[in-house]
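Asker: Got a structure for you, questions after.
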Amino acid sequence: MAAITTQSLVKEYPGGVRGVDEMDVTINDGEFFALLGPSGCGKTTLLRTIAGLEETTSGTISIGNRDVTDLNPGDRGVSMVFQDYALFPHMNVEDNIAYPMRVRKVAKEARHKVAHETGSGLALDGLMARRPNQLSGGQQQRVALARAVATRPDVLLLDEPLSNLDARLRLEARTFLKELQRDLGVTTVFVTHDQAEALALADRIAVMKSGKLQQLGTPREVFRRPSNTFVAGFIGSNPMNLVTTTLGTGTIRIGEQEIPLPSSLADLPGLDAGRSIVWGVRPEYLQLSEDPLDVSLTGEVTVVENLGASCLVSVLVGDTRLQVVVSEDDEPAPGTKVWVTASERHSLLFDTETTERITP
Amino acid sequence: MTTTQTPVSAPGARPDVTSLPRRIRSNRSVMHYVGSVLKALMCALMLAFFALPLLWLATAPFDSAPSLSLAWPEWTLKNFKVLIDNPYALRSLANSIILALGVTVIVLVFGSIASYALSRVRIPGRDTLLYALLLLSSIVTGTAAMVPTFQLMNQLGLIDSQLGVILVMAAGVMPTVIFILKDFMDSVPRSYEESARLAGAGPLRILIDVVVPIARPGLATIAVWAVVQVWGNFLIPYILLRSPDKQPAAVVMYTFYTEGGQPNLALISTFSLLFSVPVVAMYFFVNRKFGFRFHGGIKS
């Protein structure tokens, strides 16, 4: 058992800046967990605090049933893959993988045997005598992974594991990483600023901003039911349409036009006419038609961006710009008058003041 | 004035080139040749200035009658016999090696620990401290502090002791060593150490396993520099050492006079050769073995 629990964890830097602010997270045993957020949101700080590389200001961290808040990094049963891999340049691959065991005084034959076994599991046969600077980026990453998992840690921490690889290799490494994690069943926490990476890899995602947790959930929850406008805007390859507007009686006003409130919201208290709200819907959940439709918004196509198998179409509805994803065969020409329908199930309302989601 | 700028050699048809008066054209090329000759002469003079002492060092030890002038020698090895018969010559070279090694070991061990700490720990006024030390170091080994240094060593009972000389010289070069090594330590990425920390290594272990091997070219540079500093130092051993059999080579050379008060050139030239060979050899050895460079493992 190696679940990780943090309780009101705070990491404050000199000068009062909080890298991690009152963090309460439980990461389950064997889970593949992502810390996601823009740069400077504290995700790496949280990871390094779990590793013990940063001292905790207040709060506790426990791994398994042990309180590790004041333990040295080496005594926590964690291992980590650094963003630059941090392979020792003066040691060959074998010695690099065996180094943590050397520190723990494992006998020479035993540690080299384990290094070879781990290495061949990660397709590193034949590279064992090389120095890190004789390896490609992908190979370096696998050596770093081998070094991290060779000691059978309770927890594996990955700091931006894919960011140093080129785009093509990144996709391969992503699949490979997910397989490896499933095979080992080790509790894994990884940091990323790439929402697509987090959605693809993680069992659960913690979205962070300014050291604070914004939302904790499965990739599907975070994608479909973002808890506030920040998460809504951050998750998704095409940013969510977020329109600040007001309510009519049972309707949402978009410019001069109105669409009915989603039926799921009809009974909700406080949604009075005139209230200011943020209406959010993903470009993937908007339908576009060149023929007049009933419950829809009319506008004019301004820009069409090709995304390969689909197109991102910008539609100007009054003064509001809406983006719609359409499949490649249905792309309208710029200047065309079109009708946009929002999928009722996927329309979300957010509070303007608190930015929290109103839609249950 | 270079040839490409003179109209004479300028490529392409320029109608007025041929119509230039012949005198001007020849004047320009004459000036050009004179300039080249002057340049070559200057180079030769400067080269001779540096080469002559070296040539003297290569020939005089093998000359049967060495003088201060440079001449084709009458080859002989008799001068080396004189050197070996001298009671202090070879012993002084051994003394120099002892002093140089002693200082180098102290400087490398304490210098690397100190510079690693200074590189990693943030203390207020760290840089000011380093600069102040650097400034003071020239005083410690300099002439100005010789009397207090002598008195200090006297009270410590370290006069006429090689340990005393080693300590004073090590203290003298230490600030510069820390200053240079700190730069090397700064260039060792922190993630290497953090990686070792996660493996369970303590600070000393990290220093030995990770930081020192990576900073090795820097340490080699420092070692060579420290040896050279000690090897050529005359003042400190001259003042702190009393017995002739403890004196290093740089001091002993000063005593090579004939009975008539003339410099004993046979002895001085052979000794100078033996004195300079180890330093040059060490430079080549260290450069080949460690290379004064940094090898990293990251593509960035």
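Residue numbers start at 1 in each chain; chains themselves are named A, B, ... in the order of the structure tokens; ligands are numbered from 1 in the order shown.
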Just the residues within 12 Å of Gly126 (chain A), please, counting only C-alpha atoms, with nothing from its chain fewer than 5 positions along; format it as a list of chain:residue names.
Answerer: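 My reading of the contact set: A:Asn92, A:Val93, A:Glu94, A:His116, A:Gly119, A:Ser120, A:Leu135, A:Gln139.
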Asker: Any chance you can output those residues with N, CA, C and O atoms as a PDB file, in the first residue's frame?
Answerer:
```
ATOM      1  N   ASN A  92      28.519   5.055 -16.834  1.00  0.00           N
ATOM      2  CA  ASN A  92      27.824   4.467 -17.977  1.00  0.00           C
ATOM      3  C   ASN A  92      26.394   4.098 -17.568  1.00  0.00           C
ATOM      4  O   ASN A  92      25.993   4.276 -16.413  1.00  0.00           O
ATOM      5  N   VAL A  93      25.620   3.595 -18.524  1.00  0.00           N
ATOM      6  CA  VAL A  93      24.201   3.327 -18.277  1.00  0.00           C
ATOM      7  C   VAL A  93      24.017   2.360 -17.104  1.00  0.00           C
ATOM      8  O   VAL A  93      23.206   2.594 -16.205  1.00  0.00           O
ATOM      9  N   GLU A  94      24.826   1.309 -17.104  1.00  0.00           N
ATOM     10  CA  GLU A  94      24.701   0.300 -16.052  1.00  0.00           C
ATOM     11  C   GLU A  94      24.936   0.911 -14.661  1.00  0.00           C
ATOM     12  O   GLU A  94      24.146   0.706 -13.745  1.00  0.00           O
ATOM     13  N   HIS A 116      20.717  -4.944 -15.078  1.00  0.00           N
ATOM     14  CA  HIS A 116      20.556  -5.569 -16.393  1.00  0.00           C
ATOM     15  C   HIS A 116      19.121  -5.998 -16.637  1.00  0.00           C
ATOM     16  O   HIS A 116      18.593  -5.812 -17.736  1.00  0.00           O
ATOM     17  N   GLY A 119      17.089  -2.917 -17.197  1.00  0.00           N
ATOM     18  CA  GLY A 119      17.477  -2.350 -18.480  1.00  0.00           C
ATOM     19  C   GLY A 119      16.871  -3.100 -19.646  1.00  0.00           C
ATOM     20  O   GLY A 119      16.340  -2.494 -20.579  1.00  0.00           O
ATOM     21  N   SER A 120      16.874  -4.454 -19.570  1.00  0.00           N
ATOM     22  CA  SER A 120      16.327  -5.175 -20.715  1.00  0.00           C
ATOM     23  C   SER A 120      14.808  -5.041 -20.759  1.00  0.00           C
ATOM     24  O   SER A 120      14.216  -5.077 -21.837  1.00  0.00           O
ATOM     25  N   LEU A 135      23.749   8.717 -25.961  1.00  0.00           N
ATOM     26  CA  LEU A 135      22.391   8.189 -26.136  1.00  0.00           C
ATOM     27  C   LEU A 135      21.478   9.260 -26.730  1.00  0.00           C
ATOM     28  O   LEU A 135      21.706  10.447 -26.553  1.00  0.00           O
ATOM     29  N   GLN A 139      16.340   7.342 -25.444  1.00  0.00           N
ATOM     30  CA  GLN A 139      17.106   6.353 -24.682  1.00  0.00           C
ATOM     31  C   GLN A 139      17.470   6.893 -23.314  1.00  0.00           C
ATOM     32  O   GLN A 139      17.378   6.182 -22.310  1.00  0.00           O
TER      33      GLN A 139
END
```
Asker: List every residue of chain A that has an atom at most 8 Å from any atom of chain B, giving for each one its closest atom pair and the distance in Å to one decimal, counting only C-alpha atoms, sorted by chain and then by ascending residue number, as JSON lines.
Answerer:
```
{"residue": "A:Ala51", "atom": "CA", "partner": "B:Leu198", "partner_atom": "CA", "distance": 7.5}
{"residue": "A:Leu53", "atom": "CA", "partner": "B:Glu194", "partner_atom": "CA", "distance": 7.1}
{"residue": "A:Asn72", "atom": "CA", "partner": "B:Gly200", "partner_atom": "CA", "distance": 7.8}
{"residue": "A:Pro73", "atom": "CA", "partner": "B:Leu198", "partner_atom": "CA", "distance": 5.0}
{"residue": "A:Gly74", "atom": "CA", "partner": "B:Gly200", "partner_atom": "CA", "distance": 3.6}
{"residue": "A:Asp75", "atom": "CA", "partner": "B:Gly200", "partner_atom": "CA", "distance": 6.6}
{"residue": "A:Val78", "atom": "CA", "partner": "B:Leu198", "partner_atom": "CA", "distance": 7.3}
{"residue": "A:Ser79", "atom": "CA", "partner": "B:Leu198", "partner_atom": "CA", "distance": 6.2}
{"residue": "A:Met80", "atom": "CA", "partner": "B:Ser195", "partner_atom": "CA", "distance": 7.3}
{"residue": "A:Phe82", "atom": "CA", "partner": "B:Ser191", "partner_atom": "CA", "distance": 7.0}
{"residue": "A:Asp84", "atom": "CA", "partner": "B:Ile298", "partner_atom": "CA", "distance": 6.7}
{"residue": "A:Tyr85", "atom": "CA", "partner": "B:Ile298", "partner_atom": "CA", "distance": 7.9}
{"residue": "A:Ala86", "atom": "CA", "partner": "B:Tyr192", "partner_atom": "CA", "distance": 5.0}
{"residue": "A:Leu87", "atom": "CA", "partner": "B:Gly297", "partner_atom": "CA", "distance": 6.7}
{"residue": "A:Phe88", "atom": "CA", "partner": "B:Tyr192", "partner_atom": "CA", "distance": 6.5}
{"residue": "A:Pro89", "atom": "CA", "partner": "B:Gly297", "partner_atom": "CA", "distance": 4.7}
{"residue": "A:His90", "atom": "CA", "partner": "B:Pro213", "partner_atom": "CA", "distance": 6.7}
{"residue": "A:Tyr99", "atom": "CA", "partner": "B:Ala199", "partner_atom": "CA", "distance": 7.6}
{"residue": "A:Pro100", "atom": "CA", "partner": "B:Ala199", "partner_atom": "CA", "distance": 4.6}
{"residue": "A:Met101", "atom": "CA", "partner": "B:Ala199", "partner_atom": "CA", "distance": 7.7}
{"residue": "A:Val103", "atom": "CA", "partner": "B:Ala201", "partner_atom": "CA", "distance": 6.1}
{"residue": "A:Arg104", "atom": "CA", "partner": "B:Gly200", "partner_atom": "CA", "distance": 7.2}
{"residue": "A:Arg131", "atom": "CA", "partner": "B:Gly297", "partner_atom": "CA", "distance": 8.0}
{"residue": "A:Pro132", "atom": "CA", "partner": "B:Gly297", "partner_atom": "CA", "distance": 5.4}
{"residue": "A:Asn133", "atom": "CA", "partner": "B:Gly297", "partner_atom": "CA", "distance": 4.6}
{"residue": "A:Gly137", "atom": "CA", "partner": "B:Lys299", "partner_atom": "CA", "distance": 7.5}
{"residue": "A:Asn164", "atom": "CA", "partner": "B:Ser300", "partner_atom": "CA", "distance": 7.7}
```
Asker: Give me a file of those residues, with N, CA, C and O atoms, as a compact mmCIF listing (two decimals), in the first residue's frame.
Answerer:
```
# COMPACT_ATOMS: atom_id res chain seq x y z
N ALA A 51 8.61 14.66 -2.84
CA ALA A 51 9.90 13.96 -2.92
C ALA A 51 10.79 14.28 -1.73
O ALA A 51 11.69 13.52 -1.40
N LEU A 53 12.51 17.19 -1.63
CA LEU A 53 13.55 18.11 -2.09
C LEU A 53 13.26 19.53 -1.64
O LEU A 53 14.14 20.38 -1.63
N ASN A 72 14.12 12.45 5.22
CA ASN A 72 14.99 12.79 4.10
C ASN A 72 14.45 12.17 2.81
O ASN A 72 13.79 11.14 2.87
N PRO A 73 14.77 12.78 1.67
CA PRO A 73 14.27 12.24 0.39
C PRO A 73 14.59 10.75 0.23
O PRO A 73 13.75 9.98 -0.26
N GLY A 74 15.77 10.34 0.68
CA GLY A 74 16.19 8.96 0.48
C GLY A 74 15.43 7.97 1.33
O GLY A 74 15.45 6.77 1.08
N ASP A 75 14.75 8.45 2.39
CA ASP A 75 14.06 7.53 3.31
C ASP A 75 12.57 7.46 3.04
O ASP A 75 11.82 6.89 3.83
N VAL A 78 10.53 6.95 -2.34
CA VAL A 78 10.11 7.53 -3.62
C VAL A 78 11.31 7.57 -4.56
O VAL A 78 12.46 7.58 -4.13
N SER A 79 11.05 7.54 -5.84
CA SER A 79 12.11 7.83 -6.79
C SER A 79 11.53 8.76 -7.84
O SER A 79 10.33 8.85 -8.00
N MET A 80 12.43 9.42 -8.53
CA MET A 80 11.97 10.53 -9.37
C MET A 80 12.74 10.55 -10.68
O MET A 80 13.93 10.25 -10.72
N PHE A 82 13.81 13.25 -13.44
CA PHE A 82 13.86 14.70 -13.57
C PHE A 82 13.60 15.12 -15.01
O PHE A 82 13.77 14.35 -15.94
N ASP A 84 15.34 17.03 -16.90
CA ASP A 84 16.54 16.88 -17.75
C ASP A 84 17.17 15.50 -17.58
O ASP A 84 18.29 15.28 -17.99
N TYR A 85 16.46 14.61 -16.92
CA TYR A 85 16.85 13.22 -16.64
C TYR A 85 17.95 13.08 -15.60
O TYR A 85 18.03 12.08 -14.91
N ALA A 86 18.85 14.07 -15.50
CA ALA A 86 19.90 14.06 -14.48
C ALA A 86 20.68 12.76 -14.45
O ALA A 86 20.98 12.24 -13.38
N LEU A 87 21.01 12.21 -15.61
CA LEU A 87 21.87 11.03 -15.65
C LEU A 87 23.30 11.50 -15.38
O LEU A 87 23.73 12.50 -15.93
N PHE A 88 24.02 10.75 -14.54
CA PHE A 88 25.38 11.17 -14.21
C PHE A 88 26.27 11.01 -15.44
O PHE A 88 26.43 9.90 -15.95
N PRO A 89 26.87 12.09 -15.92
CA PRO A 89 27.61 12.02 -17.19
C PRO A 89 28.88 11.19 -17.09
O PRO A 89 29.40 10.75 -18.10
N HIS A 90 29.39 10.99 -15.87
CA HIS A 90 30.66 10.27 -15.74
C HIS A 90 30.46 8.78 -15.49
O HIS A 90 31.40 8.06 -15.24
N TYR A 99 23.20 3.00 -9.47
CA TYR A 99 23.68 3.94 -8.45
C TYR A 99 22.84 3.97 -7.17
O TYR A 99 23.39 3.89 -6.07
N PRO A 100 21.48 4.06 -7.27
CA PRO A 100 20.71 4.07 -6.03
C PRO A 100 20.95 2.82 -5.18
O PRO A 100 20.96 2.90 -3.95
N MET A 101 21.19 1.69 -5.85
CA MET A 101 21.46 0.47 -5.08
C MET A 101 22.85 0.52 -4.47
O MET A 101 23.09 -0.01 -3.39
N VAL A 103 24.29 3.23 -3.36
CA VAL A 103 24.17 4.05 -2.15
C VAL A 103 23.58 3.22 -1.02
O VAL A 103 23.98 3.33 0.14
N ARG A 104 22.64 2.31 -1.37
CA ARG A 104 22.00 1.49 -0.33
C ARG A 104 22.81 0.24 -0.03
O ARG A 104 22.31 -0.69 0.59
N ARG A 131 27.94 5.91 -22.32
CA ARG A 131 27.78 7.08 -21.47
C ARG A 131 26.50 7.82 -21.90
O ARG A 131 26.12 7.74 -23.07
N PRO A 132 25.88 8.57 -20.97
CA PRO A 132 24.64 9.27 -21.32
C PRO A 132 24.74 10.15 -22.56
O PRO A 132 23.79 10.24 -23.33
N ASN A 133 25.91 10.79 -22.77
CA ASN A 133 25.98 11.69 -23.93
C ASN A 133 26.09 10.93 -25.25
O ASN A 133 26.15 11.53 -26.31
N GLY A 137 17.68 11.16 -26.99
CA GLY A 137 16.80 11.67 -25.94
C GLY A 137 15.88 10.59 -25.39
O GLY A 137 15.69 10.46 -24.18
N ASN A 164 11.20 16.99 -22.86
CA ASN A 164 12.48 17.10 -23.56
C ASN A 164 12.55 16.26 -24.82
O ASN A 164 13.59 16.16 -25.43
```
Asker: Record the distance separating CA of Thr341 (chain A) and CA of Glu356 (chain A), expressed in Å with one decimal.
Answerer: 24.1 Å
Asker: Can you tell me which residues surround Leu163 (chain B) at a distance of at most 9 Å, considering only C-alpha atoms, apart from same-chain residues fewer than 5 positions away, and format the answer as a PyMOL selection string?
Answerer: chain B and resi 99+102+158+168
Asker: I need the residue nearest Gln195 (chain A) from this list: A:Ala146, A:Leu35, A:Cys311, A:Ile97. Use only C-alpha atoms for the distance.
Answerer: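 The shortest atom-to-atom distance to Gln195 (chain A) comes from A:Leu35.
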Asker: Near region 36-43 of chain A, counting only C-alpha atoms, which residues have an atom at most 10 Å away, once you skip same-chain residues fewer than 5 positions from it, shown as a PyMOL selection string?
Answerer: chain A and resi 11+18-21+48-49+159+190-195+197-199+205-215+231+234-235
Asker: Rounded to one decimal in Å, what is the spacing between CA of Tyr283 (chain B) and CA of Ile222 (chain B)?
Answerer: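 Going from CA of Tyr283 (chain B) over to CA of Ile222 (chain B), I get 11.5 Å.
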Asker: Can you tell me, as an NGL selection string, what residues are no more than 10 Å from Asn28 (chain A) when counting only C-alpha atoms, ignoring any on the same chain fewer than 6 positions away?
Answerer: :A and (1-5 or 64 or 187-188 or 204)
Asker: Considering only helix (DSSP H, G or I) as DSSP defines it on the backbone, what residues of region 29-176 of chain B qualify? List them as JSON, numbers by chain.
Answerer: {"B": [29, 30, 31, 32, 33, 34, 35, 36, 37, 38, 39, 40, 41, 42, 43, 44, 45, 46, 47, 48, 49, 50, 51, 52, 53, 54, 55, 56, 57, 58, 59, 60, 61, 62, 78, 79, 80, 81, 82, 83, 84, 85, 89, 90, 91, 92, 93, 94, 95, 96, 97, 98, 99, 100, 101, 102, 103, 104, 105, 106, 107, 108, 109, 110, 111, 112, 113, 114, 115, 116, 117, 118, 119, 120, 126, 127, 128, 129, 130, 131, 132, 133, 134, 135, 136, 137, 138, 139, 140, 146, 147, 148, 149, 150, 151, 152, 153, 154, 155, 156, 162, 163, 164, 165, 166, 167, 168, 169, 170, 171, 172, 173, 174, 175, 176]}
Asker: Out of region 29-222 of chain A, which residues get strand (DSSP E or B) from DSSP, as a PyMOL selection string?
Answerer: chain A and resi 32-36+58-63+66-67+78-81+155-159+187-192+204-209+212-217
Asker: From the options B:Val212, B:Ala144, B:Ala89, B:Val228, which residue's atoms come nearest to Ile113 (chain B), counting only C-alpha atoms?
Answerer: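 That would be B:Val212, the residue with the smallest distance to Ile113 (chain B).
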Asker: For Val227 (chain B), which residue out of B:Val103, B:Val280, B:Ser36, B:Leu57 is the nearest one, using only C-alpha atoms?
Answerer: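 Comparing B:Val103, B:Val280, B:Ser36, B:Leu57 against Val227 (chain B), the winner is B:Val103.
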Asker: Please identify all polymer residues within 9 Å of Ser314 (chain A), counting only C-alpha atoms, omitting same-chain residues fewer than 6 positions from it, and present them as a VMD selection string.
Answerer: chain A and resid 300 to 305 321 to 325 334
Asker: For Asp294 (chain A), find every residue with an atom within 12 Å (counting only C-alpha atoms), except residues of its own chain fewer than 3 positions away, and show them as a list of chain:residue names.
Answerer: A:Glu258, A:Ile259, A:Pro260, A:Ser289, A:Asp291, A:Leu297, A:Thr298, A:Trp339, A:Val340, A:Thr341, A:Ala342
Asker: What separation in Å, quoted to one decimal, exists between CA of Phe350 (chain A) and CA of Val222 (chain A)?
Answerer: 14.8 Å
Asker: Pick from B:Leu38, B:Ala226, B:Leu274, B:Ile159: nearest to Ser243 (chain B), with only C-alpha atoms counted?
Answerer: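 Counting only C-alpha atoms, the residue closest to Ser243 (chain B) is B:Ile159.
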